[in-house]
Protein chains: 2
Amino acid sequence: MLTLYSFGPGANSLKPMLALYEKGLAFNHRLLDPTRFEHHAEWYKKINPRGQVPALEDNGKIITESTVICEYLEDEHPTKVRLRPDNSYDRAMMRIWTKWVDEYFCWCVSTVGWHRYVGNMVRHLDDVAFEEMVSKVPVPEQQVKWRTARKGFPKEVLDEEMRKIGVSVRKLDDHLADNEWLAGGMYSLADICNFAIANGMEQGFAELVNASDTPHLVRWLHQIHERPAVKDMFERVPREF
Amino acid sequence: MLTLYSFGPGANSLKPMLALYEKGLAFNHRLLDPTRFEHHAEWYKKINPRGQVPALEDNGKIITESTVICEYLEDEHPTKVRLRPDNSYDRAMMRIWTKWVDEYFCWCVSTVGWHRYVGNMVRHLDDVAFEEMVSKVPVPEQQVKWRTARKGFPKEVLDEEMRKIGVSVRKLDDHLADNEWLAGGMYSLADICNFAIANGMEQGFAELVNASDTPHLVRWLHQIHERPAVKDMFERVPREF
């Protein structure tokens, strides 16, 4: 049996959720509460020593890293629904898109998200309680990020991240102007992994993602929301924020 | 016919070279000269608009991104030599290692490499000639990196990158203490992609990578150098530095 450990349907947690629902695979869903820092709890660090979600358990074996989990589901649990193109070239193009999300797009959006929302989760804590929480974070770079988020990210960092978000949504919109989907002419992990980050930007980044500036990106976001598996997932999995 | 566009046998260029030689695939090798900034020339930007090596051409189709090229070779050109485990779980572990190289290990080593070597390539240029060169670099982040490399990276940046290099070689050595290879009990893309970055560290980072501090990492480096395909490759492909 499959068990997915994740936060609610957003960011990296959303990727394997979309893949599992689209493929019609049954799984136990163990939702962790980020506001209680459940991903840094000892029981969870036995599952993922890096204290990060998502993680997939498959008959006692643990797979981490959202994009790797998505490829694993295709390798190990093929169903009628294929989320990778069969053609090697198209599959390579898909992987260039999933790699780009993980190395560029997700980071700029993440920093702004941490600045706006995650920082608020810890501003009510006094210094001692906050440092006690941080001491449980296993990845040193994440400890730095928590401390910066609590203070607020410097303006020059946020400006640079907003520039990168602008570059990202332009790149997506340009590609989607001539292509229904990101790779191989089919809904694939390229779409799933990019949607996981781009979903909600019409609200959160309305000055960048809107029907007049990025009509093709907006079309693609709506098209994914109309998929039965995506509708079903958003109906069943509670959102946190 | 396959054509590989790359620099000499180091860093990301080394990854597809190792895979092609190991698999015994014939290919044209078009070596670009980094000291003449050939990767920023118009003819090459028609092949890779990002002006980066390596790139693989396969019957007119272009694949970029070194790790994606390696997976493409496995998908499209299977030979007797397999560089990915068959088992899905082992394959996922392999991908966690190749992802970690691309997102963490390669960046800290790269910054120090740029500081030591790449900066020297442009210090003889006057400001006008330098900015003319930089104007041909298509990726804005790479333009910033060229300017920083010419001035020299700040000490706090270099200290942080050296810390990350220390974490990286510790992680590799710990894993290789109990495992002959990085994933799936076989020489795989996990080894190839990590070796591409770790090779030469016994010389360049001798204070971190040596027989007493990281014996398992050193054993693994030597073991890879003893492979016939690796020997053959280093004999045939000229090094730049």
# chains A, B, ... in the order shown; residues from 1 in each chain; ligands from 1
>>> select_by_dssp(residues="stretch 86-152 of chain A", states="alpha helix (DSSP H)", output="ChimeraX atom specification")
/A:88-100,106-113,127-135,140-151
>>> interface_residues(of="chain B", to="chain A", cutoff="7 Å", atoms="only C-alpha atoms", output="number ranges by chain")
B: 68, 72, 75-76, 88, 92, 95-96, 103
>>> write_last_selection(atoms="all heavy atoms", output="PDB file, in the first residue's frame")
ATOM      1  N   VAL B  68      19.870  15.415 -17.978  1.00  0.00           N
ATOM      2  CA  VAL B  68      18.786  15.014 -18.885  1.00  0.00           C
ATOM      3  C   VAL B  68      19.369  14.269 -20.091  1.00  0.00           C
ATOM      4  O   VAL B  68      18.797  13.269 -20.543  1.00  0.00           O
ATOM      5  CB  VAL B  68      17.964  16.253 -19.328  1.00  0.00           C
ATOM      6  CG1 VAL B  68      16.906  15.858 -20.357  1.00  0.00           C
ATOM      7  CG2 VAL B  68      17.305  16.921 -18.129  1.00  0.00           C
ATOM      8  N   TYR B  72      18.442  10.565 -21.321  1.00  0.00           N
ATOM      9  CA  TYR B  72      18.024  10.400 -22.727  1.00  0.00           C
ATOM     10  C   TYR B  72      18.802   9.277 -23.393  1.00  0.00           C
ATOM     11  O   TYR B  72      18.230   8.461 -24.125  1.00  0.00           O
ATOM     12  CB  TYR B  72      18.232  11.721 -23.480  1.00  0.00           C
ATOM     13  CG  TYR B  72      18.007  11.596 -24.975  1.00  0.00           C
ATOM     14  CD1 TYR B  72      16.721  11.660 -25.516  1.00  0.00           C
ATOM     15  CD2 TYR B  72      19.078  11.402 -25.843  1.00  0.00           C
ATOM     16  CE1 TYR B  72      16.514  11.525 -26.884  1.00  0.00           C
ATOM     17  CE2 TYR B  72      18.881  11.271 -27.215  1.00  0.00           C
ATOM     18  CZ  TYR B  72      17.591  11.336 -27.730  1.00  0.00           C
ATOM     19  OH  TYR B  72      17.395  11.197 -29.086  1.00  0.00           O
ATOM     20  N   ASP B  75      17.316   6.109 -22.359  1.00  0.00           N
ATOM     21  CA  ASP B  75      15.994   5.893 -22.957  1.00  0.00           C
ATOM     22  C   ASP B  75      16.106   5.537 -24.441  1.00  0.00           C
ATOM     23  O   ASP B  75      15.427   4.634 -24.922  1.00  0.00           O
ATOM     24  CB  ASP B  75      15.136   7.171 -22.853  1.00  0.00           C
ATOM     25  CG  ASP B  75      14.603   7.424 -21.452  1.00  0.00           C
ATOM     26  OD1 ASP B  75      14.525   6.466 -20.651  1.00  0.00           O
ATOM     27  OD2 ASP B  75      14.262   8.586 -21.144  1.00  0.00           O
ATOM     28  N   GLU B  76      16.926   6.282 -25.168  1.00  0.00           N
ATOM     29  CA  GLU B  76      16.893   6.212 -26.636  1.00  0.00           C
ATOM     30  C   GLU B  76      17.953   5.281 -27.212  1.00  0.00           C
ATOM     31  O   GLU B  76      17.769   4.741 -28.297  1.00  0.00           O
ATOM     32  CB  GLU B  76      17.092   7.629 -27.207  1.00  0.00           C
ATOM     33  CG  GLU B  76      16.995   7.744 -28.720  1.00  0.00           C
ATOM     34  CD  GLU B  76      15.593   7.446 -29.276  1.00  0.00           C
ATOM     35  OE1 GLU B  76      14.641   7.363 -28.475  1.00  0.00           O
ATOM     36  OE2 GLU B  76      15.475   7.289 -30.510  1.00  0.00           O
ATOM     37  N   SER B  88      12.709   0.040  -9.648  1.00  0.00           N
ATOM     38  CA  SER B  88      12.208   1.426  -9.550  1.00  0.00           C
ATOM     39  C   SER B  88      12.742   2.161  -8.320  1.00  0.00           C
ATOM     40  O   SER B  88      13.043   3.355  -8.385  1.00  0.00           O
ATOM     41  CB  SER B  88      10.684   1.432  -9.465  1.00  0.00           C
ATOM     42  OG  SER B  88      10.108   0.724 -10.519  1.00  0.00           O
ATOM     43  N   ALA B  92      15.011   5.471  -8.287  1.00  0.00           N
ATOM     44  CA  ALA B  92      14.666   6.695  -7.546  1.00  0.00           C
ATOM     45  C   ALA B  92      15.857   7.166  -6.710  1.00  0.00           C
ATOM     46  O   ALA B  92      16.163   8.360  -6.658  1.00  0.00           O
ATOM     47  CB  ALA B  92      13.435   6.457  -6.669  1.00  0.00           C
ATOM     48  N   ARG B  95      18.221   8.863  -8.873  1.00  0.00           N
ATOM     49  CA  ARG B  95      17.788  10.224  -9.253  1.00  0.00           C
ATOM     50  C   ARG B  95      17.936  11.208  -8.099  1.00  0.00           C
ATOM     51  O   ARG B  95      18.162  12.398  -8.327  1.00  0.00           O
ATOM     52  CB  ARG B  95      16.343  10.190  -9.759  1.00  0.00           C
ATOM     53  CG  ARG B  95      16.224   9.498 -11.106  1.00  0.00           C
ATOM     54  CD  ARG B  95      14.884   9.734 -11.778  1.00  0.00           C
ATOM     55  NE  ARG B  95      14.900   9.155 -13.111  1.00  0.00           N
ATOM     56  CZ  ARG B  95      14.056   8.205 -13.539  1.00  0.00           C
ATOM     57  NH1 ARG B  95      13.116   7.745 -12.742  1.00  0.00           N
ATOM     58  NH2 ARG B  95      14.156   7.740 -14.773  1.00  0.00           N
ATOM     59  N   ILE B  96      17.791  10.734  -6.870  1.00  0.00           N
ATOM     60  CA  ILE B  96      18.029  11.641  -5.738  1.00  0.00           C
ATOM     61  C   ILE B  96      19.495  12.092  -5.745  1.00  0.00           C
ATOM     62  O   ILE B  96      19.800  13.256  -5.511  1.00  0.00           O
ATOM     63  CB  ILE B  96      17.610  10.967  -4.411  1.00  0.00           C
ATOM     64  CG1 ILE B  96      16.077  10.873  -4.361  1.00  0.00           C
ATOM     65  CG2 ILE B  96      18.143  11.746  -3.208  1.00  0.00           C
ATOM     66  CD1 ILE B  96      15.522  10.137  -3.156  1.00  0.00           C
ATOM     67  N   GLU B 103      21.722  20.375  -7.763  1.00  0.00           N
ATOM     68  CA  GLU B 103      21.126  21.429  -6.946  1.00  0.00           C
ATOM     69  C   GLU B 103      22.039  21.894  -5.812  1.00  0.00           C
ATOM     70  O   GLU B 103      21.817  22.954  -5.251  1.00  0.00           O
ATOM     71  CB  GLU B 103      19.777  20.951  -6.380  1.00  0.00           C
ATOM     72  CG  GLU B 103      18.779  20.707  -7.501  1.00  0.00           C
ATOM     73  CD  GLU B 103      17.410  20.264  -7.008  1.00  0.00           C
ATOM     74  OE1 GLU B 103      17.160  20.283  -5.794  1.00  0.00           O
ATOM     75  OE2 GLU B 103      16.593  19.876  -7.862  1.00  0.00           O
TER      76      GLU B 103
END
>>> select_by_dssp(residues="stretch 4-237 of chain A", states="strand (DSSP E)", output="number ranges by chain")
A: 4-6, 28-31, 55-58, 61-64
>>> closest_residue(among="A:Leu2, A:Leu172, A:Thr35, A:Thr111", to="A:Leu20", atoms="only C-alpha atoms")
A:Leu2
>>> atom_distance(atom1="atom CA of B:Arg84", atom2="atom CA of B:Cys193")
12.1 Å
>>> atom_distance(atom1="atom CA of A:Leu176", atom2="atom CA of A:Ala229")
21.6 Å
